[in-house]
>>> print(open('upload_12.txt').read())   # compact mmCIF, C-alpha atoms
# COMPACT_ATOMS: atom_id res chain seq x y z
CA MET Y 1 115.50 92.74 105.25
CA SER Y 2 112.23 94.22 104.04
CA LEU Y 3 111.27 94.47 100.40
CA ARG Y 4 111.47 98.25 100.62
CA ILE Y 5 115.09 98.13 101.88
CA ARG Y 6 116.04 95.59 99.21
CA LEU Y 7 114.55 97.75 96.46
CA ALA Y 8 116.31 100.85 97.80
CA TYR Y 9 119.60 98.93 98.07
CA THR Y 10 119.21 97.63 94.51
CA PHE Y 11 118.48 101.15 93.25
CA PHE Y 12 121.61 102.40 95.07
CA LEU Y 13 123.82 99.67 93.60
CA LEU Y 14 122.51 100.29 90.09
CA THR Y 15 123.16 104.02 90.45
CA PHE Y 16 126.64 103.37 91.87
CA ALA Y 17 127.51 100.96 89.06
CA SER Y 18 126.22 103.26 86.33
CA GLY Y 19 127.94 106.30 87.89
CA LEU Y 20 131.22 104.41 88.25
CA LEU Y 21 131.04 103.17 84.66
CA SER Y 22 130.31 106.68 83.42
CA LEU Y 23 133.21 108.08 85.42
CA ALA Y 24 135.58 105.37 84.19
CA GLY Y 25 134.45 105.85 80.61
CA GLY Y 26 134.87 109.62 80.84
CA TYR Y 27 138.30 109.23 82.43
CA LEU Y 28 139.47 106.90 79.65
CA VAL Y 29 138.23 109.27 76.96
CA PHE Y 30 139.88 112.27 78.64
CA ARG Y 31 143.15 110.37 79.15
CA ASN Y 32 143.25 109.40 75.47
CA LEU Y 33 142.77 113.06 74.56
CA VAL Y 34 145.61 114.05 76.90
CA GLU Y 35 147.88 111.36 75.47
CA ARG Y 36 147.11 112.59 71.97
CA ASP Y 37 147.94 116.17 72.98
CA ILE Y 38 151.24 115.02 74.52
CA ALA Y 39 152.16 113.18 71.34
CA GLN Y 40 151.26 116.19 69.18
CA ASP Y 41 153.23 118.57 71.43
CA LEU Y 42 156.31 116.35 71.37
CA ALA Y 43 156.09 116.11 67.59
CA GLU Y 44 155.78 119.91 67.33
CA LEU Y 45 158.73 120.51 69.69
CA SER Y 46 160.84 117.93 67.87
CA GLY Y 47 160.13 119.68 64.54
CA ARG Y 48 160.95 123.07 66.04
CA VAL Y 49 164.32 121.86 67.38
CA ALA Y 50 165.15 120.10 64.10
CA ARG Y 51 164.45 123.30 62.13
CA THR Y 52 166.71 125.30 64.44
CA LEU Y 53 169.70 122.93 64.22
CA VAL Y 54 172.42 123.57 61.61
CA LEU Y 55 175.40 121.42 60.72
CA THR Y 56 178.79 123.29 60.69
CA GLN Y 57 182.39 122.21 60.27
CA GLU Y 58 182.74 122.13 64.04
CA GLY Y 59 179.59 120.02 64.33
CA PRO Y 60 175.89 120.61 64.93
CA ARG Y 61 174.94 123.99 66.30
CA LEU Y 62 171.73 125.93 67.05
CA ALA Y 63 170.88 128.70 64.65
CA GLU Y 64 170.44 132.21 65.85
CA GLY Y 65 167.34 132.71 68.06
CA ASP Y 66 166.16 131.09 71.21
CA ILE Y 67 163.84 128.18 70.58
CA PHE Y 68 162.60 128.39 74.17
CA LEU Y 69 161.15 131.87 73.78
CA GLY Y 70 157.43 132.26 73.12
CA THR Y 71 156.47 128.81 74.33
CA HIS Y 72 154.82 127.63 77.55
CA TYR Y 73 156.30 124.14 77.31
CA VAL Y 74 158.97 122.96 79.73
CA PHE Y 75 161.23 120.78 77.59
CA GLY Y 76 164.76 119.96 76.66
CA PHE Y 77 166.67 118.18 73.91
CA ARG Y 78 169.82 116.16 73.31
CA LEU Y 79 171.59 115.42 70.05
CA LEU Y 80 173.43 112.13 70.29
CA GLN Y 81 176.08 110.56 68.12
CA GLY Y 82 175.78 106.97 69.06
CA GLU Y 83 175.62 107.10 72.85
CA ARG Y 84 177.64 110.33 73.17
CA PRO Y 85 175.72 113.61 73.47
CA VAL Y 86 177.12 116.30 71.18
CA LEU Y 87 174.59 119.08 71.85
CA GLU Y 88 172.11 119.72 74.68
CA GLY Y 89 169.64 122.47 75.52
CA GLY Y 90 166.74 123.31 77.77
CA PHE Y 91 165.73 121.30 80.80
CA ALA Y 92 167.16 117.89 81.54
CA PRO Y 93 164.47 115.24 82.19
CA GLU Y 94 164.20 113.90 85.72
CA ALA Y 95 163.66 110.33 86.81
CA SER Y 96 160.35 111.14 88.51
CA GLY Y 97 158.25 109.83 85.64
CA THR Y 98 156.71 113.20 84.78
CA TRP Y 99 158.62 113.48 81.49
CA ARG Y 100 158.00 112.04 78.06
CA THR Y 101 160.69 111.64 75.42
CA LEU Y 102 160.49 111.42 71.61
CA SER Y 103 163.45 110.17 69.60
CA THR Y 104 163.95 111.08 65.92
CA SER Y 105 166.95 111.09 63.52
CA TRP Y 106 168.57 114.24 62.20
CA GLN Y 107 171.47 114.31 59.76
CA GLY Y 108 172.81 110.98 61.04
CA TYR Y 109 172.37 111.97 64.64
CA ASN Y 110 169.76 110.84 67.17
CA LEU Y 111 167.58 113.73 68.39
CA GLU Y 112 165.78 113.24 71.74
CA VAL Y 113 163.19 115.82 72.81
CA SER Y 114 161.85 115.53 76.39
CA LEU Y 115 158.64 117.25 77.57
CA ARG Y 116 157.50 117.65 81.18
CA VAL Y 117 153.93 116.33 81.42
CA GLU Y 118 153.19 117.24 85.02
CA GLU Y 119 150.42 119.64 83.98
CA TYR Y 120 148.79 116.97 81.90
CA GLN Y 121 148.81 114.54 84.83
CA ARG Y 122 147.45 117.25 87.10
CA ALA Y 123 144.55 117.78 84.68
CA LEU Y 124 143.80 114.04 84.76
CA SER Y 125 143.85 114.01 88.57
CA ALA Y 126 141.57 117.05 88.70
CA PHE Y 127 139.11 115.34 86.35
CA LEU Y 128 139.09 112.22 88.54
CA ARG Y 129 138.61 114.21 91.76
CA ALA Y 130 135.79 116.23 90.21
CA GLY Y 131 134.05 113.05 89.03
CA LEU Y 132 134.32 111.42 92.45
CA SER Y 133 133.14 114.55 94.22
CA LEU Y 134 130.04 114.53 91.99
CA LEU Y 135 129.50 110.79 92.36
CA LEU Y 136 129.32 110.77 96.17
CA PRO Y 137 126.40 113.23 96.52
CA LEU Y 138 124.75 111.55 93.56
CA LEU Y 139 124.90 108.24 95.42
CA PHE Y 140 123.42 109.84 98.55
CA LEU Y 141 120.61 111.35 96.48
CA ALA Y 142 120.09 107.99 94.74
CA ALA Y 143 119.75 106.28 98.14
CA LEU Y 144 117.08 108.76 99.22
CA LEU Y 145 115.22 108.56 95.93
CA GLY Y 146 115.52 104.78 95.91
CA TYR Y 147 114.05 104.53 99.40
CA ALA Y 148 111.19 106.88 98.49
CA THR Y 149 110.54 105.10 95.19
CA ALA Y 150 110.62 101.72 96.90
CA GLY Y 151 108.07 103.02 99.40
CA PHE Y 152 105.85 104.20 96.55
CA ILE Y 153 106.10 100.78 94.91
CA THR Y 154 105.59 98.71 98.05
CA ARG Y 155 102.82 100.82 99.59
CA PRO Y 156 100.07 99.03 97.60
CA LEU Y 157 101.65 95.69 98.51
CA GLU Y 158 101.68 96.67 102.20
CA ARG Y 159 98.00 97.59 102.00
CA LEU Y 160 97.30 94.28 100.28
CA SER Y 161 99.32 92.41 102.92
CA GLN Y 162 97.35 94.03 105.74
CA ALA Y 163 94.11 93.23 103.96
CA VAL Y 164 95.19 89.59 103.53
CA GLU Y 165 95.98 89.36 107.26
CA SER Y 166 92.55 90.81 108.06
CA LEU Y 167 90.88 88.35 105.70
CA SER Y 168 92.78 85.43 107.25
CA ALA Y 169 91.31 86.46 110.61
CA LEU Y 170 87.84 86.71 108.99
CA ARG Y 171 87.84 90.48 109.42
CA PHE Y 172 86.65 91.56 105.99
CA PRO Y 173 88.51 94.68 104.82
CA GLU Y 174 86.99 97.46 102.78
CA PRO Y 175 87.54 97.18 99.00
CA LEU Y 176 91.05 98.31 98.16
CA PRO Y 177 91.38 101.28 95.78
CA LEU Y 178 92.54 100.35 92.29
CA GLU Y 179 96.09 101.37 91.41
CA ARG Y 180 97.05 103.10 88.19
CA ASP Y 181 99.52 100.35 87.28
CA ARG Y 182 97.79 97.68 85.22
CA GLU Y 183 99.38 94.74 87.03
CA LEU Y 184 98.64 96.10 90.52
CA ALA Y 185 95.12 97.09 89.47
CA ARG Y 186 94.47 93.55 88.23
CA LEU Y 187 95.85 92.10 91.48
CA THR Y 188 93.76 94.48 93.59
CA ARG Y 189 90.62 93.80 91.58
CA GLY Y 190 91.14 90.06 91.99
CA PHE Y 191 91.65 90.43 95.74
CA ASN Y 192 88.48 92.51 96.09
CA ARG Y 193 86.55 89.80 94.25
CA LEU Y 194 88.13 87.19 96.53
CA VAL Y 195 86.98 89.10 99.63
CA GLU Y 196 83.44 89.31 98.29
CA ALA Y 197 83.47 85.62 97.37
CA VAL Y 198 84.65 84.60 100.84
CA ARG Y 199 82.16 86.94 102.46
CA SER Y 200 79.34 85.52 100.34
CA ALA Y 201 80.39 81.93 101.06
CA LEU Y 202 80.51 82.54 104.81
CA GLU Y 203 77.21 84.38 104.69
CA ARG Y 204 75.60 81.48 102.82
CA GLU Y 205 77.04 79.05 105.36
CA ARG Y 206 75.78 81.14 108.26
CA LEU Y 207 72.32 81.44 106.71
CA PHE Y 208 72.23 77.73 105.94
CA THR Y 209 73.10 76.84 109.54
CA ARG Y 210 70.68 79.33 111.04
CA TYR Y 211 67.73 78.55 108.79
CA ALA Y 212 68.33 74.81 108.82
CA SER Y 213 68.27 74.70 112.59
CA HIS Y 214 65.16 76.91 112.60
CA GLU Y 215 63.11 75.37 109.81
CA LEU Y 216 63.96 71.72 110.40
CA ARG Y 217 63.08 71.81 114.09
CA SER Y 218 59.30 71.74 113.56
CA PRO Y 219 59.08 68.83 111.08
CA LEU Y 220 61.63 66.88 113.13
CA ALA Y 221 59.50 67.43 116.23
CA VAL Y 222 56.41 66.22 114.35
CA PHE Y 223 58.27 63.17 113.05
CA ARG Y 224 59.61 62.24 116.51
CA ALA Y 225 56.27 62.83 118.23
CA GLN Y 226 54.42 60.59 115.75
CA LEU Y 227 57.14 57.94 115.96
CA ASP Y 228 57.11 57.88 119.78
CA ALA Y 229 53.32 57.80 119.89
CA ALA Y 230 53.19 54.89 117.45
CA ARG Y 231 55.86 52.94 119.35
CA GLN Y 232 54.01 53.40 122.64
CA GLY Y 233 50.76 52.25 121.05
CA LEU Y 234 49.04 55.58 121.59
CA ILE Y 235 48.09 55.79 117.93
CA PRO Y 236 48.15 53.16 115.17
CA TRP Y 237 50.98 53.18 112.67
CA GLU Y 238 48.53 53.79 109.82
CA GLU Y 239 47.56 57.09 111.42
CA ALA Y 240 51.15 58.15 112.20
CA LEU Y 241 52.65 57.37 108.78
CA PRO Y 242 50.95 60.21 106.81
CA HIS Y 243 52.17 62.77 109.38
CA MET Y 244 55.67 61.32 109.31
CA GLU Y 245 55.74 61.33 105.49
CA GLY Y 246 54.53 64.94 105.46
CA ALA Y 247 57.31 65.92 107.90
CA LEU Y 248 59.90 64.16 105.69
CA ARG Y 249 58.65 65.94 102.57
CA ARG Y 250 58.83 69.22 104.44
CA MET Y 251 62.42 68.55 105.52
CA GLU Y 252 63.43 67.52 101.99
CA ALA Y 253 61.92 70.70 100.54
CA VAL Y 254 63.64 72.87 103.16
CA LEU Y 255 67.02 71.21 102.52
CA GLN Y 256 66.68 71.56 98.75
CA GLY Y 257 65.82 75.24 99.09
CA LEU Y 258 68.67 75.89 101.52
CA LEU Y 259 71.13 74.09 99.27
CA ALA Y 260 69.99 76.24 96.34
CA LEU Y 261 70.66 79.33 98.46
CA ALA Y 262 74.00 78.07 99.73
CA ARG Y 263 75.52 76.67 96.54
CA PRO Y 264 77.90 78.94 94.59
CA GLU Y 265 76.48 80.69 91.55
CA GLU Y 266 77.01 78.39 88.62
CA GLY Y 267 78.44 79.32 85.25
CA ASN Y 268 80.58 82.10 83.86
CA LEU Y 269 78.66 85.09 82.61
CA ALA Y 270 78.59 85.75 78.88
CA PRO Y 271 76.65 88.03 76.50
CA MET Y 272 73.08 86.78 76.15
CA GLU Y 273 70.04 88.06 74.22
CA LEU Y 274 67.12 87.80 76.65
CA ALA Y 275 64.20 88.43 74.33
CA GLU Y 276 64.88 85.47 72.07
CA TYR Y 277 65.76 83.25 75.03
CA LEU Y 278 62.56 84.09 76.95
CA GLU Y 279 60.41 83.62 73.88
CA ALA Y 280 61.73 80.08 73.49
CA SER Y 281 61.70 79.12 77.17
CA LEU Y 282 58.27 80.57 78.09
CA LYS Y 283 56.36 79.31 75.05
CA ASP Y 284 54.25 76.80 76.97
CA LYS Y 285 54.25 78.34 80.43
CA GLY Y 286 50.80 79.96 80.20
CA VAL Y 287 51.98 83.55 80.50
CA ARG Y 288 51.45 86.68 78.41
CA LEU Y 289 54.68 87.78 76.76
CA LEU Y 290 55.52 91.34 75.76
CA LEU Y 291 59.08 91.41 74.45
CA GLN Y 292 60.82 94.44 73.01
CA GLY Y 293 64.21 93.29 71.82
CA PRO Y 294 66.93 92.89 71.26
CA ALA Y 295 67.96 93.07 74.92
CA TRP Y 296 71.57 92.02 75.48
CA VAL Y 297 72.83 91.39 79.01
CA LEU Y 298 75.73 89.59 80.68
CA ALA Y 299 74.18 86.41 82.10
CA HIS Y 300 74.07 82.61 82.06
CA PRO Y 301 71.13 80.39 80.99
CA LEU Y 302 71.06 78.51 84.32
CA LEU Y 303 70.85 81.75 86.26
CA VAL Y 304 68.15 83.15 83.97
CA ASP Y 305 66.15 79.94 84.34
CA ARG Y 306 66.38 80.10 88.12
CA LEU Y 307 65.36 83.76 88.08
CA VAL Y 308 62.35 83.36 85.76
CA ASP Y 309 61.14 80.05 87.24
CA ASN Y 310 61.04 81.43 90.77
CA LEU Y 311 59.32 84.64 89.67
CA LEU Y 312 56.65 82.68 87.82
CA ALA Y 313 56.24 80.18 90.67
CA ASN Y 314 55.75 83.08 93.09
CA ALA Y 315 53.22 84.75 90.75
CA PHE Y 316 51.16 81.60 90.24
CA ARG Y 317 51.30 80.50 93.88
CA HIS Y 318 50.64 83.83 95.61
CA GLY Y 319 48.88 85.78 92.86
CA ALA Y 320 46.23 85.10 90.26
CA PRO Y 321 46.20 84.77 86.47
CA PRO Y 322 46.82 86.18 84.02
CA VAL Y 323 50.57 86.38 84.61
CA GLU Y 324 52.38 88.85 82.36
CA VAL Y 325 56.07 88.94 81.47
CA ARG Y 326 57.52 92.10 79.92
CA LEU Y 327 61.05 92.73 78.69
CA PHE Y 328 62.21 96.08 77.31
CA PRO Y 329 65.39 98.18 77.15
CA ASN Y 330 65.40 101.31 79.29
CA GLY Y 331 68.49 103.52 78.87
CA ASP Y 332 71.53 101.61 80.03
CA SER Y 333 69.37 98.89 81.62
CA VAL Y 334 67.24 95.97 80.53
CA VAL Y 335 64.00 95.67 82.51
CA LEU Y 336 62.29 92.32 83.14
CA GLU Y 337 58.81 92.55 84.70
CA VAL Y 338 56.60 89.74 86.02
CA ARG Y 339 53.09 90.77 87.09
CA ASP Y 340 50.17 88.78 88.41
CA HIS Y 341 46.59 89.87 89.00
CA GLY Y 342 46.15 88.76 92.59
CA LYS Y 343 45.60 90.85 95.68
CA GLY Y 344 49.22 92.06 95.96
CA VAL Y 345 51.11 92.41 99.24
CA ARG Y 346 50.89 94.72 102.20
CA GLU Y 347 53.15 97.76 101.97
CA GLU Y 348 54.89 96.87 105.23
CA ASP Y 349 55.74 93.40 103.85
CA LYS Y 350 57.48 94.54 100.65
CA GLU Y 351 60.88 94.97 102.29
CA ARG Y 352 60.66 91.46 103.78
CA LEU Y 353 59.70 89.58 100.62
CA THR Y 354 63.27 88.46 99.89
CA ARG Y 355 63.94 87.36 103.46
CA PRO Y 356 64.35 83.56 103.51
CA PHE Y 357 61.31 81.68 104.88
CA PHE Y 358 59.18 84.81 105.03
CA ARG Y 359 55.55 84.00 104.32
CA GLY Y 360 52.83 86.61 104.32
CA PRO Y 361 49.71 86.18 106.43
CA GLY Y 362 46.90 84.19 104.89
CA GLY Y 363 48.98 83.03 101.93
CA PRO Y 364 49.24 79.50 100.61
CA GLU Y 365 51.68 77.07 102.14
CA GLY Y 366 55.26 77.42 100.89
CA LEU Y 367 58.84 77.64 102.01
CA GLY Y 368 59.36 81.36 101.42
CA LEU Y 369 62.64 80.84 99.53
CA GLY Y 370 61.63 81.73 95.97
CA LEU Y 371 62.20 85.48 96.12
CA ALA Y 372 65.34 84.97 98.21
CA LEU Y 373 66.73 82.91 95.33
CA VAL Y 374 65.63 85.63 92.89
CA GLU Y 375 67.51 88.26 94.88
CA GLN Y 376 70.60 86.07 94.93
CA VAL Y 377 70.56 85.70 91.13
CA VAL Y 378 69.91 89.40 90.53
CA ARG Y 379 72.86 90.31 92.75
CA ARG Y 380 75.04 87.85 90.82
CA LEU Y 381 74.03 89.51 87.53
CA GLY Y 382 74.78 92.98 88.90
CA GLY Y 383 71.16 94.15 88.80
CA THR Y 384 68.48 95.46 91.16
CA LEU Y 385 65.15 94.08 92.31
CA GLU Y 386 61.98 96.14 92.92
CA PHE Y 387 58.48 95.29 94.16
CA ALA Y 388 55.31 97.34 93.61
CA ASN Y 389 51.58 96.72 93.91
CA ALA Y 390 50.02 96.94 90.45
CA HIS Y 391 46.36 97.16 91.58
CA PRO Y 392 45.56 94.43 91.02
CA GLY Y 393 48.47 92.13 91.63
CA LEU Y 394 52.17 92.42 92.38
CA ARG Y 395 54.73 93.70 89.87
CA VAL Y 396 58.29 92.42 90.30
CA ARG Y 397 60.80 94.43 88.29
CA VAL Y 398 64.38 93.28 87.63
CA ARG Y 399 66.88 95.77 86.18
CA LEU Y 400 70.00 94.33 84.60
CA PRO Y 401 72.97 96.21 83.08
CA ARG Y 402 72.51 96.50 79.32
CA ARG Y 403 75.17 95.66 76.77
CA GLU Y 404 75.27 97.21 73.32
CA ASP Y 405 74.67 94.85 70.44
CA ALA Y 406 78.05 95.63 68.91
CA ALA Y 407 79.83 95.00 72.23
CA ALA Y 408 77.94 91.76 72.64
>>> encode(input="upload_12.txt", output="structure tokens")
Amino acid sequence: MSLRIRLAYTFFLLTFASGLLSLAGGYLVFRNLVERDIAQDLAELSGRVARTLVLTQEGPRLAEGDIFLGTHYVFGFRLLQGERPVLEGGFAPEASGTWRTLSTSWQGYNLEVSLRVEEYQRALSAFLRAGLSLLLPLLFLAALLGYATAGFITRPLERLSQAVESLSALRFPEPLPLERDRELARLTRGFNRLVEAVRSALERERLFTRYASHELRSPLAVFRAQLDAARQGLIPWEEALPHMEGALRRMEAVLQGLLALARPEEGNLAPMELAEYLEASLKDKGVRLLLQGPAWVLAHPLLVDRLVDNLLANAFRHGAPPVEVRLFPNGDSVVLEVRDHGKGVREEDKERLTRPFFRGPGGPEGLGLGLALVEQVVRRLGGTLEFANAHPGLRVRVRLPRREDAAA
């Protein structure tokens, strides 16, 4: 049985139970009112008969006037002396159970007044039939509403279930829309983050495999060629060792860079004031600082260190001094700029600067991973990365979401 059917069935049972309890409660209240009316009517009829009776020398008699005129009750009475009736009038009660009798004493006699209560019982039956006739369509309506309401409740769960099945097959679904309910919205937001985390992890693994196989092939080939040549006596070991050591250093550097790209982003983000942090961390780095603070962002010191270190390493390696670092608030953003005074980059190369292992023509030897790491950190911090030729030099601009001081 599906969750939707179970919810609809539960809604139906709750409606049935509440409707039945309401009907039973109403019936009991109405029956108590009827019983009270019967008791009051019997007491009234008994008083009327007692007021009409007179005691004569021949025995009890009815006074002049008909006590049955002007009343809608169907009743009768008996005046008993012991077990012997001495005076009777009206209708005699039947043994069908539709009569009620009230016994009182009058002048040493026992007065029994009997009232037919068939109309009262008919009113109770009519009330019960009316309640049941209303309850049945109410239950049908409750079943329909319960099924529709269960569908409304389970629809987000069905979408989430389909998305989970897609994710389990490594088919990444589109981000699910957030629901208005707080609990479902929190669940959906967490699932969307999970999808992005899995996507990022698989992308890092794919990039690691692809770039490792590509970048390690050349130094491995150099290492094997030098090793084979030395073993065969084609070249002396003293001549082969420097080439082999250079190939090993190259492989170590490539692996370290790839691991930095592939490892998960460390640390939970927290409010951080960048101006003060940069002033302390860049004091002896040989750069010009222009800080306009305070500049609060959501970040982590390890991520900021990786971002700034790679930007400075890129500026010093591929540019020329002086290297300038600027930090200033700009609307709802905090802008971090790193500029060198080198020759800049070609316009057609700007879009490829963050591609792993991209190295521009004529540049110094390097892995080409620094700006790829910068882009990874900026994406983790929810910012954007821009490149522009500053004539002279290259200006790298990082925009991060700004937090108000009070919020921080």
>>> residues_around(input="upload_12.txt", residues="Y:Val287", least_positions_apart="4", cutoff="10 Å", atoms="only C-alpha atoms", output="PDB file with C-alpha atoms, in the frame of the given file")
ATOM      1  CA  LEU Y 282      58.270  80.570  78.090  1.00  0.00           C
ATOM      2  CA  LYS Y 283      56.360  79.310  75.050  1.00  0.00           C
ATOM      3  CA  LEU Y 312      56.650  82.680  87.820  1.00  0.00           C
ATOM      4  CA  PHE Y 316      51.160  81.600  90.240  1.00  0.00           C
ATOM      5  CA  PRO Y 321      46.200  84.770  86.470  1.00  0.00           C
ATOM      6  CA  PRO Y 322      46.820  86.180  84.020  1.00  0.00           C
ATOM      7  CA  VAL Y 323      50.570  86.380  84.610  1.00  0.00           C
ATOM      8  CA  GLU Y 324      52.380  88.850  82.360  1.00  0.00           C
ATOM      9  CA  VAL Y 325      56.070  88.940  81.470  1.00  0.00           C
ATOM     10  CA  VAL Y 338      56.600  89.740  86.020  1.00  0.00           C
ATOM     11  CA  ARG Y 339      53.090  90.770  87.090  1.00  0.00           C
ATOM     12  CA  ASP Y 340      50.170  88.780  88.410  1.00  0.00           C
TER      13      ASP Y 340
END
>>> closest_residue(input="upload_12.txt", among="Y:Pro137, Y:Pro329, Y:Pro294, Y:Gly146", to="Y:Phe12", atoms="all atoms listed in the file")
Y:Gly146
>>> atom_distance(input="upload_12.txt", atom1="atom CA of Y:Phe140", atom2="atom CA of Y:Phe127")
20.6 Å
>>> closest_residue(input="upload_12.txt", among="Y:Val29, Y:Ala240, Y:Leu303, Y:Ser114", to="Y:Arg224", atoms="all atoms listed in the file")
Y:Ala240
>>> residues_around(input="upload_12.txt", residues="stretch 48-62 of chain Y", least_positions_apart="5", cutoff="10 Å", atoms="only C-alpha atoms", output="ChimeraX atom specification")
/Y:42-43,67-68,76-79,86-89,104-107,109,111-113
>>> closest_residue(input="upload_12.txt", among="Y:Asp41, Y:Gly19, Y:Leu298, Y:Arg306", to="Y:Gly382", atoms="all atoms listed in the file")
Y:Leu298
>>> residues_around(input="upload_12.txt", residues="Y:Leu290", least_positions_apart="4", cutoff="10 Å", atoms="all atoms listed in the file", output="PyMOL selection string")
chain Y and resi 275+279+324-328+337
>>> residues_around(input="upload_12.txt", residues="Y:Leu227", least_positions_apart="4", cutoff="12 Å", atoms="all atoms listed in the file", output="number ranges by chain")
Y: 220-223, 231-245, 247
>>> atom_distance(input="upload_12.txt", atom1="atom CA of Y:Val334", atom2="atom CA of Y:Pro401")
6.3 Å
>>> residues_around(input="upload_12.txt", residues="Y:Leu23", least_positions_apart="3", cutoff="8 Å", atoms="all atoms listed in the file", output="JSON, numbers by chain")
{"Y": [19, 20, 26, 27, 128, 131, 132]}
>>> atom_distance(input="upload_12.txt", atom1="atom CA of Y:Gly393", atom2="atom CA of Y:Gly319")
6.5 Å
>>> closest_residue(input="upload_12.txt", among="Y:Ala270, Y:Leu202, Y:Ala63, Y:Ala8", to="Y:Thr149", atoms="all atoms listed in the file")
Y:Ala8
>>> closest_residue(input="upload_12.txt", among="Y:Ile38, Y:Leu170, Y:Ala143, Y:Ala225", to="Y:Leu115", atoms="all atoms listed in the file")
Y:Ile38
>>> closest_residue(input="upload_12.txt", among="Y:Leu138, Y:Leu80, Y:Leu33, Y:Ala163", to="Y:Ala17", atoms="only C-alpha atoms")
Y:Leu138
>>> axis_aligned_box(input="upload_12.txt", around="stretch 171-178 of chain Y", padding_each_side="4 Å", output="AutoDock Vina command-line options")
--center_x 89.6 --center_y 95.9 --center_z 100.9 --size_x 13.9 --size_y 18.8 --size_z 25.1
